[in-house]
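Reproduced below: data_29.cif, with mmCIF, N, CA and C atoms.
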data_input
loop_
_atom_site.label_atom_id
_atom_site.label_comp_id
_atom_site.auth_asym_id
_atom_site.auth_seq_id
_atom_site.Cartn_x
_atom_site.Cartn_y
_atom_site.Cartn_z
N MET A 74 0.86 -1.18 0.00
CA MET A 74 0.00 0.00 0.00
C MET A 74 0.90 1.23 0.00
N GLU A 75 0.53 2.18 -0.80
CA GLU A 75 1.28 3.44 -0.88
C GLU A 75 0.33 4.57 -0.54
N ILE A 76 0.76 5.44 0.37
CA ILE A 76 -0.07 6.57 0.79
C ILE A 76 0.77 7.84 0.64
N TRP A 77 0.23 8.80 -0.08
CA TRP A 77 0.90 10.10 -0.20
C TRP A 77 0.55 10.93 1.03
N VAL A 78 1.58 11.46 1.68
CA VAL A 78 1.37 12.25 2.89
C VAL A 78 2.14 13.56 2.81
N LYS A 79 1.70 14.48 3.65
CA LYS A 79 2.40 15.75 3.82
C LYS A 79 2.83 15.82 5.27
N ASN A 80 4.05 16.27 5.52
CA ASN A 80 4.55 16.39 6.89
C ASN A 80 4.10 17.74 7.45
N THR A 81 3.35 17.71 8.56
CA THR A 81 2.88 18.93 9.21
C THR A 81 3.31 18.89 10.68
N PHE A 82 2.99 19.94 11.41
CA PHE A 82 3.30 19.95 12.84
C PHE A 82 2.51 18.89 13.59
N ARG A 83 1.39 18.45 13.02
CA ARG A 83 0.58 17.40 13.63
C ARG A 83 1.08 16.01 13.26
N GLY A 84 2.03 15.93 12.36
CA GLY A 84 2.54 14.64 11.90
C GLY A 84 2.30 14.44 10.43
N LEU A 85 2.36 13.20 9.98
CA LEU A 85 2.14 12.88 8.57
C LEU A 85 0.64 12.82 8.30
N VAL A 86 0.17 13.62 7.36
CA VAL A 86 -1.25 13.73 7.06
C VAL A 86 -1.49 13.27 5.62
N PRO A 87 -2.46 12.36 5.41
CA PRO A 87 -2.78 11.92 4.05
C PRO A 87 -3.15 13.11 3.17
N MET A 88 -2.68 13.08 1.92
CA MET A 88 -2.89 14.20 1.01
C MET A 88 -4.21 14.12 0.25
N TYR A 89 -4.66 12.93 -0.06
CA TYR A 89 -5.85 12.77 -0.90
C TYR A 89 -6.85 11.85 -0.21
N ASP A 90 -8.09 11.91 -0.64
CA ASP A 90 -9.15 11.09 -0.05
C ASP A 90 -8.80 9.60 -0.12
N THR A 91 -8.25 9.17 -1.23
CA THR A 91 -7.89 7.75 -1.36
C THR A 91 -6.80 7.37 -0.37
N ASP A 92 -5.88 8.31 -0.10
CA ASP A 92 -4.83 8.04 0.88
C ASP A 92 -5.42 7.95 2.28
N LEU A 93 -6.39 8.80 2.57
CA LEU A 93 -7.06 8.74 3.87
C LEU A 93 -7.81 7.42 4.02
N ASP A 94 -8.47 6.98 2.95
CA ASP A 94 -9.17 5.69 2.99
C ASP A 94 -8.19 4.54 3.26
N ASN A 95 -7.04 4.58 2.61
CA ASN A 95 -6.03 3.54 2.84
C ASN A 95 -5.48 3.60 4.26
N LYS A 96 -5.29 4.81 4.78
CA LYS A 96 -4.79 4.96 6.15
C LYS A 96 -5.78 4.37 7.15
N LYS A 97 -7.06 4.52 6.87
CA LYS A 97 -8.09 3.99 7.76
C LYS A 97 -8.07 2.47 7.83
N LYS A 98 -7.51 1.84 6.84
CA LYS A 98 -7.40 0.37 6.82
C LYS A 98 -6.33 -0.14 7.78
N LEU A 99 -5.42 0.75 8.20
CA LEU A 99 -4.35 0.35 9.12
C LEU A 99 -4.92 0.21 10.53
N LYS A 100 -4.54 -0.85 11.22
CA LYS A 100 -5.05 -1.11 12.56
C LYS A 100 -4.30 -0.25 13.59
N ILE A 101 -5.04 0.25 14.56
CA ILE A 101 -4.46 1.04 15.65
C ILE A 101 -3.56 0.13 16.49
N ASP A 102 -2.46 0.66 16.97
CA ASP A 102 -1.47 -0.03 17.80
C ASP A 102 -0.77 -1.19 17.07
N GLN A 103 -0.88 -1.25 15.78
CA GLN A 103 -0.17 -2.24 14.97
C GLN A 103 1.10 -1.56 14.43
N GLU A 104 2.20 -2.28 14.39
CA GLU A 104 3.44 -1.72 13.85
C GLU A 104 3.49 -1.94 12.35
N TYR A 105 3.97 -0.93 11.62
CA TYR A 105 4.11 -0.99 10.18
C TYR A 105 5.49 -0.48 9.79
N LEU A 106 6.04 -1.04 8.75
CA LEU A 106 7.29 -0.55 8.17
C LEU A 106 6.91 0.42 7.07
N VAL A 107 7.41 1.64 7.16
CA VAL A 107 7.07 2.67 6.19
C VAL A 107 8.34 3.12 5.48
N LYS A 108 8.27 3.19 4.16
CA LYS A 108 9.39 3.70 3.38
C LYS A 108 9.08 5.15 3.03
N ILE A 109 9.95 6.06 3.44
CA ILE A 109 9.76 7.47 3.16
C ILE A 109 10.64 7.82 1.96
N SER A 110 10.04 8.39 0.95
CA SER A 110 10.82 8.87 -0.19
C SER A 110 10.16 10.11 -0.74
N MET A 111 10.95 10.95 -1.32
CA MET A 111 10.45 12.16 -1.91
C MET A 111 10.27 11.90 -3.40
N PRO A 112 9.08 12.16 -3.93
CA PRO A 112 8.89 11.89 -5.36
C PRO A 112 9.86 12.72 -6.20
N ARG A 113 10.32 12.11 -7.27
CA ARG A 113 11.28 12.79 -8.13
C ARG A 113 10.62 13.92 -8.89
N ASN A 114 11.38 14.93 -9.11
CA ASN A 114 10.96 16.10 -9.85
C ASN A 114 11.27 15.86 -11.33
N ILE A 115 10.26 15.88 -12.18
CA ILE A 115 10.45 15.62 -13.60
C ILE A 115 11.37 16.65 -14.24
N LYS A 116 11.33 17.90 -13.77
CA LYS A 116 12.22 18.92 -14.32
C LYS A 116 13.68 18.60 -14.02
N PHE A 117 13.93 18.06 -12.84
CA PHE A 117 15.30 17.68 -12.47
C PHE A 117 15.76 16.51 -13.34
N HIS A 118 14.86 15.58 -13.61
CA HIS A 118 15.17 14.45 -14.48
C HIS A 118 15.53 14.95 -15.88
N ARG A 119 14.76 15.89 -16.39
CA ARG A 119 15.05 16.47 -17.71
C ARG A 119 16.36 17.24 -17.70
N LYS A 120 16.64 17.88 -16.58
CA LYS A 120 17.89 18.63 -16.44
C LYS A 120 19.09 17.68 -16.54
N MET A 121 18.97 16.51 -15.93
CA MET A 121 20.04 15.50 -16.01
C MET A 121 20.26 15.09 -17.46
N PHE A 122 19.17 14.86 -18.18
CA PHE A 122 19.33 14.44 -19.58
C PHE A 122 19.82 15.58 -20.46
N ALA A 123 19.52 16.81 -20.10
CA ALA A 123 20.10 17.96 -20.80
C ALA A 123 21.62 17.97 -20.60
N LEU A 124 22.05 17.63 -19.40
CA LEU A 124 23.48 17.54 -19.11
C LEU A 124 24.13 16.45 -19.95
N TYR A 125 23.53 15.26 -19.97
CA TYR A 125 24.07 14.18 -20.79
C TYR A 125 24.15 14.58 -22.26
N ASN A 126 23.10 15.22 -22.76
CA ASN A 126 23.08 15.64 -24.16
C ASN A 126 24.14 16.69 -24.46
N LEU A 127 24.35 17.61 -23.53
CA LEU A 127 25.39 18.62 -23.71
C LEU A 127 26.76 17.97 -23.86
N VAL A 128 27.04 17.02 -22.99
CA VAL A 128 28.33 16.32 -23.06
C VAL A 128 28.41 15.50 -24.35
N PHE A 129 27.34 14.78 -24.65
CA PHE A 129 27.33 13.91 -25.83
C PHE A 129 27.60 14.70 -27.11
N GLN A 130 27.00 15.87 -27.22
CA GLN A 130 27.15 16.68 -28.42
C GLN A 130 28.53 17.33 -28.54
N ASN A 131 29.28 17.34 -27.44
CA ASN A 131 30.58 18.01 -27.43
C ASN A 131 31.72 17.04 -27.13
N GLN A 132 31.60 15.82 -27.61
CA GLN A 132 32.65 14.81 -27.44
C GLN A 132 32.66 13.92 -28.67
N GLU A 133 33.72 13.14 -28.82
CA GLU A 133 33.83 12.25 -29.98
C GLU A 133 34.04 10.79 -29.60
N ARG A 134 34.08 10.52 -28.32
CA ARG A 134 34.38 9.17 -27.83
C ARG A 134 33.20 8.21 -27.97
N TYR A 135 32.00 8.71 -27.75
CA TYR A 135 30.80 7.86 -27.71
C TYR A 135 29.93 8.08 -28.94
N ARG A 136 29.36 6.99 -29.45
CA ARG A 136 28.43 7.07 -30.57
C ARG A 136 26.98 6.90 -30.11
N VAL A 137 26.81 6.41 -28.87
CA VAL A 137 25.47 6.16 -28.33
C VAL A 137 25.34 6.89 -26.99
N LEU A 138 24.32 7.74 -26.89
CA LEU A 138 24.11 8.54 -25.68
C LEU A 138 23.98 7.66 -24.45
N ASP A 139 23.27 6.54 -24.54
CA ASP A 139 23.05 5.70 -23.37
C ASP A 139 24.35 5.08 -22.86
N ASP A 140 25.30 4.82 -23.74
CA ASP A 140 26.61 4.33 -23.31
C ASP A 140 27.32 5.39 -22.47
N LEU A 141 27.25 6.63 -22.92
CA LEU A 141 27.83 7.74 -22.17
C LEU A 141 27.18 7.85 -20.80
N ARG A 142 25.83 7.82 -20.77
CA ARG A 142 25.09 7.93 -19.51
C ARG A 142 25.50 6.83 -18.54
N ARG A 143 25.58 5.61 -19.04
CA ARG A 143 25.95 4.49 -18.17
C ARG A 143 27.37 4.66 -17.61
N ASP A 144 28.31 5.05 -18.46
CA ASP A 144 29.68 5.20 -17.99
C ASP A 144 29.82 6.33 -16.97
N ILE A 145 29.13 7.44 -17.20
CA ILE A 145 29.15 8.53 -16.22
C ILE A 145 28.55 8.06 -14.90
N THR A 146 27.46 7.34 -14.96
CA THR A 146 26.78 6.84 -13.76
C THR A 146 27.70 5.89 -12.98
N ILE A 147 28.37 5.01 -13.68
CA ILE A 147 29.29 4.06 -13.03
C ILE A 147 30.45 4.81 -12.40
N GLU A 148 31.05 5.72 -13.15
CA GLU A 148 32.21 6.47 -12.64
C GLU A 148 31.81 7.35 -11.45
N ALA A 149 30.54 7.75 -11.40
CA ALA A 149 30.04 8.55 -10.27
C ALA A 149 29.79 7.68 -9.04
N GLY A 150 29.92 6.35 -9.20
CA GLY A 150 29.78 5.45 -8.06
C GLY A 150 28.42 4.81 -7.91
N PHE A 151 27.57 4.94 -8.91
CA PHE A 151 26.22 4.38 -8.83
C PHE A 151 26.13 3.16 -9.75
N TYR A 152 26.57 2.03 -9.22
CA TYR A 152 26.59 0.80 -10.00
C TYR A 152 26.50 -0.40 -9.08
N ARG A 153 26.26 -1.55 -9.71
CA ARG A 153 26.35 -2.82 -8.99
C ARG A 153 27.32 -3.69 -9.76
N GLU A 154 27.95 -4.59 -9.07
CA GLU A 154 28.89 -5.50 -9.72
C GLU A 154 28.25 -6.86 -9.88
N ARG A 155 28.58 -7.51 -10.98
CA ARG A 155 28.13 -8.88 -11.21
C ARG A 155 29.26 -9.62 -11.92
N THR A 156 29.20 -10.91 -11.89
CA THR A 156 30.19 -11.74 -12.56
C THR A 156 29.56 -12.31 -13.82
N ASN A 157 30.30 -12.17 -14.94
CA ASN A 157 29.76 -12.70 -16.19
C ASN A 157 30.13 -14.17 -16.35
N ILE A 158 29.78 -14.75 -17.47
CA ILE A 158 29.96 -16.18 -17.72
C ILE A 158 31.45 -16.58 -17.73
N TYR A 159 32.32 -15.61 -17.99
CA TYR A 159 33.76 -15.88 -18.03
C TYR A 159 34.44 -15.68 -16.67
N GLY A 160 33.64 -15.32 -15.67
CA GLY A 160 34.19 -15.08 -14.34
C GLY A 160 34.71 -13.68 -14.15
N GLU A 161 34.48 -12.80 -15.12
CA GLU A 161 34.94 -11.42 -15.02
C GLU A 161 33.92 -10.59 -14.25
N ILE A 162 34.42 -9.67 -13.46
CA ILE A 162 33.53 -8.77 -12.72
C ILE A 162 33.18 -7.60 -13.63
N ILE A 163 31.89 -7.35 -13.76
CA ILE A 163 31.38 -6.29 -14.61
C ILE A 163 30.60 -5.31 -13.75
N LYS A 164 30.78 -4.03 -14.02
CA LYS A 164 30.00 -2.99 -13.34
C LYS A 164 28.82 -2.63 -14.23
N GLU A 165 27.64 -2.59 -13.64
CA GLU A 165 26.44 -2.18 -14.36
C GLU A 165 25.85 -0.95 -13.68
N ALA A 166 25.56 0.06 -14.47
CA ALA A 166 25.00 1.31 -13.95
C ALA A 166 23.66 1.07 -13.29
N GLU A 167 23.44 1.75 -12.16
CA GLU A 167 22.13 1.67 -11.51
C GLU A 167 21.09 2.34 -12.40
N SER A 168 19.88 1.88 -12.29
CA SER A 168 18.78 2.48 -13.03
C SER A 168 18.46 3.84 -12.42
N ILE A 169 18.22 4.81 -13.27
CA ILE A 169 17.84 6.14 -12.77
C ILE A 169 16.33 6.37 -12.94
N SER A 170 15.59 5.29 -13.11
CA SER A 170 14.14 5.43 -13.25
C SER A 170 13.55 5.99 -11.96
N PHE A 171 12.39 6.58 -12.08
CA PHE A 171 11.72 7.16 -10.91
C PHE A 171 11.47 6.12 -9.83
N ALA A 172 11.17 4.90 -10.23
CA ALA A 172 10.87 3.84 -9.27
C ALA A 172 12.11 3.36 -8.54
N ASN A 173 13.27 3.51 -9.14
CA ASN A 173 14.50 2.95 -8.56
C ASN A 173 15.40 3.95 -7.86
N MET A 174 15.16 5.25 -8.05
CA MET A 174 16.06 6.24 -7.44
C MET A 174 15.23 7.43 -6.97
N ASP A 175 15.29 7.70 -5.65
CA ASP A 175 14.52 8.83 -5.14
C ASP A 175 15.26 10.14 -5.39
N GLU A 176 14.64 11.25 -5.03
CA GLU A 176 15.16 12.58 -5.32
C GLU A 176 16.52 12.83 -4.67
N ASP A 177 16.69 12.40 -3.41
CA ASP A 177 17.96 12.64 -2.73
C ASP A 177 19.12 11.91 -3.41
N VAL A 178 18.93 10.66 -3.75
CA VAL A 178 19.98 9.87 -4.41
C VAL A 178 20.23 10.43 -5.81
N PHE A 179 19.16 10.81 -6.50
CA PHE A 179 19.31 11.37 -7.83
C PHE A 179 20.11 12.67 -7.79
N SER A 180 19.89 13.47 -6.77
CA SER A 180 20.65 14.71 -6.59
C SER A 180 22.14 14.41 -6.38
N GLN A 181 22.43 13.39 -5.60
CA GLN A 181 23.84 12.98 -5.40
C GLN A 181 24.45 12.54 -6.73
N LEU A 182 23.69 11.76 -7.50
CA LEU A 182 24.17 11.32 -8.81
C LEU A 182 24.45 12.52 -9.70
N TYR A 183 23.56 13.49 -9.72
CA TYR A 183 23.74 14.67 -10.57
C TYR A 183 25.04 15.40 -10.21
N ASN A 184 25.25 15.64 -8.94
CA ASN A 184 26.45 16.37 -8.50
C ASN A 184 27.73 15.58 -8.78
N ARG A 185 27.70 14.30 -8.55
CA ARG A 185 28.89 13.48 -8.84
C ARG A 185 29.12 13.37 -10.34
N SER A 186 28.04 13.38 -11.11
CA SER A 186 28.17 13.33 -12.57
C SER A 186 28.87 14.58 -13.08
N LEU A 187 28.56 15.71 -12.49
CA LEU A 187 29.26 16.94 -12.86
C LEU A 187 30.77 16.78 -12.64
N ASP A 188 31.14 16.19 -11.50
CA ASP A 188 32.56 15.96 -11.20
C ASP A 188 33.20 15.05 -12.23
N VAL A 189 32.50 13.99 -12.61
CA VAL A 189 33.02 13.03 -13.60
C VAL A 189 33.22 13.73 -14.94
N ILE A 190 32.26 14.53 -15.34
CA ILE A 190 32.35 15.22 -16.63
C ILE A 190 33.51 16.20 -16.65
N VAL A 191 33.70 16.93 -15.57
CA VAL A 191 34.83 17.85 -15.48
C VAL A 191 36.14 17.08 -15.57
N LYS A 192 36.23 15.97 -14.86
CA LYS A 192 37.47 15.18 -14.82
C LYS A 192 37.81 14.53 -16.15
N TYR A 193 36.85 13.89 -16.79
CA TYR A 193 37.14 13.08 -17.98
C TYR A 193 36.92 13.79 -19.31
N PHE A 194 36.07 14.82 -19.30
CA PHE A 194 35.78 15.51 -20.55
C PHE A 194 36.29 16.95 -20.55
N HIS A 195 36.86 17.36 -19.43
CA HIS A 195 37.52 18.67 -19.28
C HIS A 195 36.58 19.85 -19.56
N PHE A 196 35.33 19.69 -19.17
CA PHE A 196 34.37 20.79 -19.25
C PHE A 196 34.61 21.71 -18.06
N ASP A 197 34.34 22.99 -18.24
CA ASP A 197 34.35 23.93 -17.12
C ASP A 197 33.04 23.76 -16.36
N ARG A 198 33.16 23.46 -15.08
CA ARG A 198 31.98 23.13 -14.27
C ARG A 198 30.93 24.25 -14.30
N GLN A 199 31.36 25.48 -14.04
CA GLN A 199 30.40 26.58 -13.96
C GLN A 199 29.77 26.88 -15.31
N SER A 200 30.55 26.80 -16.37
CA SER A 200 30.00 27.03 -17.71
C SER A 200 28.94 25.98 -18.05
N MET A 201 29.24 24.75 -17.67
CA MET A 201 28.31 23.65 -17.90
C MET A 201 27.00 23.89 -17.12
N ILE A 202 27.13 24.24 -15.86
CA ILE A 202 25.95 24.51 -15.02
C ILE A 202 25.15 25.67 -15.61
N ASP A 203 25.84 26.74 -16.02
CA ASP A 203 25.15 27.90 -16.59
C ASP A 203 24.41 27.53 -17.87
N GLU A 204 25.04 26.71 -18.70
CA GLU A 204 24.41 26.28 -19.95
C GLU A 204 23.12 25.51 -19.69
N ILE A 205 23.17 24.60 -18.73
CA ILE A 205 21.99 23.78 -18.40
C ILE A 205 20.91 24.62 -17.73
N GLU A 206 21.32 25.50 -16.83
CA GLU A 206 20.36 26.31 -16.05
C GLU A 206 19.53 27.25 -16.91
N GLN A 207 20.05 27.65 -18.06
CA GLN A 207 19.28 28.60 -18.88
C GLN A 207 18.01 27.97 -19.45
N TYR A 208 17.93 26.62 -19.40
CA TYR A 208 16.74 25.96 -19.89
C TYR A 208 15.79 25.55 -18.76
N PHE A 209 16.22 25.71 -17.52
CA PHE A 209 15.39 25.24 -16.39
C PHE A 209 15.19 26.31 -15.34
#
Before we go any further, please render this structure as structure tokens.
Amino acid sequence: MEIWVKNTFRGLVPMYDTDLDNKKKLKIDQEYLVKISMPRNIKFHRKMFALYNLVFQNQERYRVLDDLRRDITIEAGFYRERTNIYGEIIKEAESISFANMDEDVFSQLYNRSLDVIVKYFHFDRQSMIDEIEQYF
């Protein structure tokens, strides 16, 4: 069950009638495990892809944007390791989908991605930020 809530001085308050109905289904004095996450901002998601596109259009190493995105994500530290059929350890980029990454983690990824881009593609950090910000 997922309930959208707003944090107030009275505590967590359901935001919509359906959320209130779902909250009423919870038994009093029963313990529940609750996952708190902040919904992702679609503008921030678009801003990240504007950053990837800016880098992609100004480099010659990559022919596929998604390859660039994955490598930046891995180098920023957002990956999992797995072993392939040959016994080699492979790093796979974490998914940046809304369901898999909340706003706080996505913000960390964005900031670390800026560092990766400056380091490996020699972009000026502030110029890059200014370029992206003019669209958002």
- Task: Given the file shown, enumerate the residues that the PyMOL selection byres (((chain A and resi 143-146 and name CA) around 8) and name CA) captures and present them as a PyMOL selection string.
- Result: chain A and resi 139-142+147-152+165-167+182+186+189-190
- Query: When the PyMOL selection byres (((chain A and resi 175 and name CA) around 12) and name CA) is applied to the file above, which residues end up in the set, as a ChimeraX atom specification?
  - Reply: /A:108-115,117-118,168-174,176-182
Only N, CA and C atoms, please: the residues just picked out, written as a PDB file, in the coordinates of the input.
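Generated file (part-v9.pdb):
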ATOM      1  N   LYS A 108       8.270   3.190   4.160  1.00  0.00           N
ATOM      2  CA  LYS A 108       9.390   3.700   3.380  1.00  0.00           C
ATOM      3  C   LYS A 108       9.080   5.150   3.030  1.00  0.00           C
ATOM      4  N   ILE A 109       9.950   6.060   3.440  1.00  0.00           N
ATOM      5  CA  ILE A 109       9.760   7.470   3.160  1.00  0.00           C
ATOM      6  C   ILE A 109      10.640   7.820   1.960  1.00  0.00           C
ATOM      7  N   SER A 110      10.040   8.390   0.950  1.00  0.00           N
ATOM      8  CA  SER A 110      10.820   8.870  -0.190  1.00  0.00           C
ATOM      9  C   SER A 110      10.160  10.110  -0.740  1.00  0.00           C
ATOM     10  N   MET A 111      10.950  10.950  -1.320  1.00  0.00           N
ATOM     11  CA  MET A 111      10.450  12.160  -1.910  1.00  0.00           C
ATOM     12  C   MET A 111      10.270  11.900  -3.400  1.00  0.00           C
ATOM     13  N   PRO A 112       9.080  12.160  -3.930  1.00  0.00           N
ATOM     14  CA  PRO A 112       8.890  11.890  -5.360  1.00  0.00           C
ATOM     15  C   PRO A 112       9.860  12.720  -6.200  1.00  0.00           C
ATOM     16  N   ARG A 113      10.320  12.110  -7.270  1.00  0.00           N
ATOM     17  CA  ARG A 113      11.280  12.790  -8.130  1.00  0.00           C
ATOM     18  C   ARG A 113      10.620  13.920  -8.890  1.00  0.00           C
ATOM     19  N   ASN A 114      11.380  14.930  -9.110  1.00  0.00           N
ATOM     20  CA  ASN A 114      10.960  16.100  -9.850  1.00  0.00           C
ATOM     21  C   ASN A 114      11.270  15.860 -11.330  1.00  0.00           C
ATOM     22  N   ILE A 115      10.260  15.880 -12.180  1.00  0.00           N
ATOM     23  CA  ILE A 115      10.450  15.620 -13.600  1.00  0.00           C
ATOM     24  C   ILE A 115      11.370  16.650 -14.240  1.00  0.00           C
ATOM     25  N   PHE A 117      13.930  18.060 -12.840  1.00  0.00           N
ATOM     26  CA  PHE A 117      15.300  17.680 -12.470  1.00  0.00           C
ATOM     27  C   PHE A 117      15.760  16.510 -13.340  1.00  0.00           C
ATOM     28  N   HIS A 118      14.860  15.580 -13.610  1.00  0.00           N
ATOM     29  CA  HIS A 118      15.170  14.450 -14.480  1.00  0.00           C
ATOM     30  C   HIS A 118      15.530  14.950 -15.880  1.00  0.00           C
ATOM     31  N   SER A 168      19.880   1.880 -12.290  1.00  0.00           N
ATOM     32  CA  SER A 168      18.780   2.480 -13.030  1.00  0.00           C
ATOM     33  C   SER A 168      18.460   3.840 -12.420  1.00  0.00           C
ATOM     34  N   ILE A 169      18.220   4.810 -13.270  1.00  0.00           N
ATOM     35  CA  ILE A 169      17.840   6.140 -12.770  1.00  0.00           C
ATOM     36  C   ILE A 169      16.330   6.370 -12.940  1.00  0.00           C
ATOM     37  N   SER A 170      15.590   5.290 -13.110  1.00  0.00           N
ATOM     38  CA  SER A 170      14.140   5.430 -13.250  1.00  0.00           C
ATOM     39  C   SER A 170      13.550   5.990 -11.960  1.00  0.00           C
ATOM     40  N   PHE A 171      12.390   6.580 -12.080  1.00  0.00           N
ATOM     41  CA  PHE A 171      11.720   7.160 -10.910  1.00  0.00           C
ATOM     42  C   PHE A 171      11.470   6.120  -9.830  1.00  0.00           C
ATOM     43  N   ALA A 172      11.170   4.900 -10.230  1.00  0.00           N
ATOM     44  CA  ALA A 172      10.870   3.840  -9.270  1.00  0.00           C
ATOM     45  C   ALA A 172      12.110   3.360  -8.540  1.00  0.00           C
ATOM     46  N   ASN A 173      13.270   3.510  -9.140  1.00  0.00           N
ATOM     47  CA  ASN A 173      14.500   2.950  -8.560  1.00  0.00           C
ATOM     48  C   ASN A 173      15.400   3.950  -7.860  1.00  0.00           C
ATOM     49  N   MET A 174      15.160   5.250  -8.050  1.00  0.00           N
ATOM     50  CA  MET A 174      16.060   6.240  -7.440  1.00  0.00           C
ATOM     51  C   MET A 174      15.230   7.430  -6.970  1.00  0.00           C
ATOM     52  N   GLU A 176      14.640  11.250  -5.030  1.00  0.00           N
ATOM     53  CA  GLU A 176      15.160  12.580  -5.320  1.00  0.00           C
ATOM     54  C   GLU A 176      16.520  12.830  -4.670  1.00  0.00           C
ATOM     55  N   ASP A 177      16.690  12.400  -3.410  1.00  0.00           N
ATOM     56  CA  ASP A 177      17.960  12.640  -2.730  1.00  0.00           C
ATOM     57  C   ASP A 177      19.120  11.910  -3.410  1.00  0.00           C
ATOM     58  N   VAL A 178      18.930  10.660  -3.750  1.00  0.00           N
ATOM     59  CA  VAL A 178      19.980   9.870  -4.410  1.00  0.00           C
ATOM     60  C   VAL A 178      20.230  10.430  -5.810  1.00  0.00           C
ATOM     61  N   PHE A 179      19.160  10.810  -6.500  1.00  0.00           N
ATOM     62  CA  PHE A 179      19.310  11.370  -7.830  1.00  0.00           C
ATOM     63  C   PHE A 179      20.110  12.670  -7.790  1.00  0.00           C
ATOM     64  N   SER A 180      19.890  13.470  -6.770  1.00  0.00           N
ATOM     65  CA  SER A 180      20.650  14.710  -6.590  1.00  0.00           C
ATOM     66  C   SER A 180      22.140  14.410  -6.380  1.00  0.00           C
ATOM     67  N   GLN A 181      22.430  13.390  -5.600  1.00  0.00           N
ATOM     68  CA  GLN A 181      23.840  12.980  -5.400  1.00  0.00           C
ATOM     69  C   GLN A 181      24.450  12.540  -6.730  1.00  0.00           C
ATOM     70  N   LEU A 182      23.690  11.760  -7.500  1.00  0.00           N
ATOM     71  CA  LEU A 182      24.170  11.320  -8.810  1.00  0.00           C
ATOM     72  C   LEU A 182      24.450  12.520  -9.700  1.00  0.00           C
TER      73      LEU A 182
END
Find the spatial neighbours of Thr91 in chain A, counting all atoms listed in the file, within a cut-off of 8 Å - ignore same-chain residues fewer than 3 positions away - and output them as an mmCIF file with N, CA and C atoms, keeping the file's coordinate frame.
data_model
loop_
_atom_site.group_PDB
_atom_site.id
_atom_site.type_symbol
_atom_site.label_atom_id
_atom_site.label_comp_id
_atom_site.auth_asym_id
_atom_site.auth_seq_id
_atom_site.Cartn_x
_atom_site.Cartn_y
_atom_site.Cartn_z
ATOM 1 N N GLU A 75 0.530 2.180 -0.800
ATOM 2 C CA GLU A 75 1.280 3.440 -0.880
ATOM 3 C C GLU A 75 0.330 4.570 -0.540
ATOM 4 N N ILE A 76 0.760 5.440 0.370
ATOM 5 C CA ILE A 76 -0.070 6.570 0.790
ATOM 6 C C ILE A 76 0.770 7.840 0.640
ATOM 7 N N TRP A 77 0.230 8.800 -0.080
ATOM 8 C CA TRP A 77 0.900 10.100 -0.200
ATOM 9 C C TRP A 77 0.550 10.930 1.030
ATOM 10 N N PRO A 87 -2.460 12.360 5.410
ATOM 11 C CA PRO A 87 -2.780 11.920 4.050
ATOM 12 C C PRO A 87 -3.150 13.110 3.170
ATOM 13 N N MET A 88 -2.680 13.080 1.920
ATOM 14 C CA MET A 88 -2.890 14.200 1.010
ATOM 15 C C MET A 88 -4.210 14.120 0.250
ATOM 16 N N ASP A 94 -8.470 6.980 2.950
ATOM 17 C CA ASP A 94 -9.170 5.690 2.990
ATOM 18 C C ASP A 94 -8.190 4.540 3.260
ATOM 19 N N ASN A 95 -7.040 4.580 2.610
ATOM 20 C CA ASN A 95 -6.030 3.540 2.840
ATOM 21 C C ASN A 95 -5.480 3.600 4.260
ATOM 22 N N LYS A 96 -5.290 4.810 4.780
ATOM 23 C CA LYS A 96 -4.790 4.960 6.150
ATOM 24 C C LYS A 96 -5.780 4.370 7.150
ATOM 25 N N LYS A 97 -7.060 4.520 6.870
ATOM 26 C CA LYS A 97 -8.090 3.990 7.760
ATOM 27 C C LYS A 97 -8.070 2.470 7.830
#
- Identify the residues around (30.9, 12.6, -26.2) within a radius of 12 Å, measuring from only C-alpha atoms in the coordinates stated by the file, and give them as a PyMOL selection string. chain A and resi 124-142+144-145+190+193-196
- If you run DSSP on this backbone, which residues of range 85-149 of chain A come out as helix (DSSP H, G or I), and could you give them as a PyMOL selection string? chain A and resi 90-97+115-130+138-148
- Per DSSP on the backbone, what are the strand (DSSP E) residues of chain A, as a list in words?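 Those residues are Val78, Lys79, Asn80, Thr81, Gly84, Leu85, Val86, Pro87, Tyr152, Arg153, Glu154, Arg155, Thr156, Ile162, Ile163, Lys164, Glu165 and Ala166 of chain A.
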- Enter the distance from CA of Phe122 in chain A to CA of Met201 in chain A, in Å, rounded to one decimal. 13.0 Å
- Between atom C of Phe209 in chain A and CA of Lys116 in chain A, distance in Å (one decimal): 8.0 Å
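Across A:Val191, A:Thr156, A:Tyr183, A:Tyr105, the tightest approach to Arg119 in chain A is made by A:Tyr183 when counting only C-alpha atoms.
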- re CA of Asp203 in chain A and CA of Arg185 in chain A: distance 16.8 Å
Find the smallest box with edges along x, y and z containing every listed atom of range 146-157 of chain A, then add 8 Å on each side and report centre and edge lengths in Å to one decimal, as JSON.
{"center_x": 29.2, "center_y": -2.8, "center_z": -12.1, "size_x": 22.1, "size_y": 38.7, "size_z": 24.4}
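With only N, CA and C atoms as the basis for measurement, A:Asp92 is the residue among A:Ile162, A:Ala123, A:Asn157, A:Asp92 that approaches Val78 in chain A most closely.
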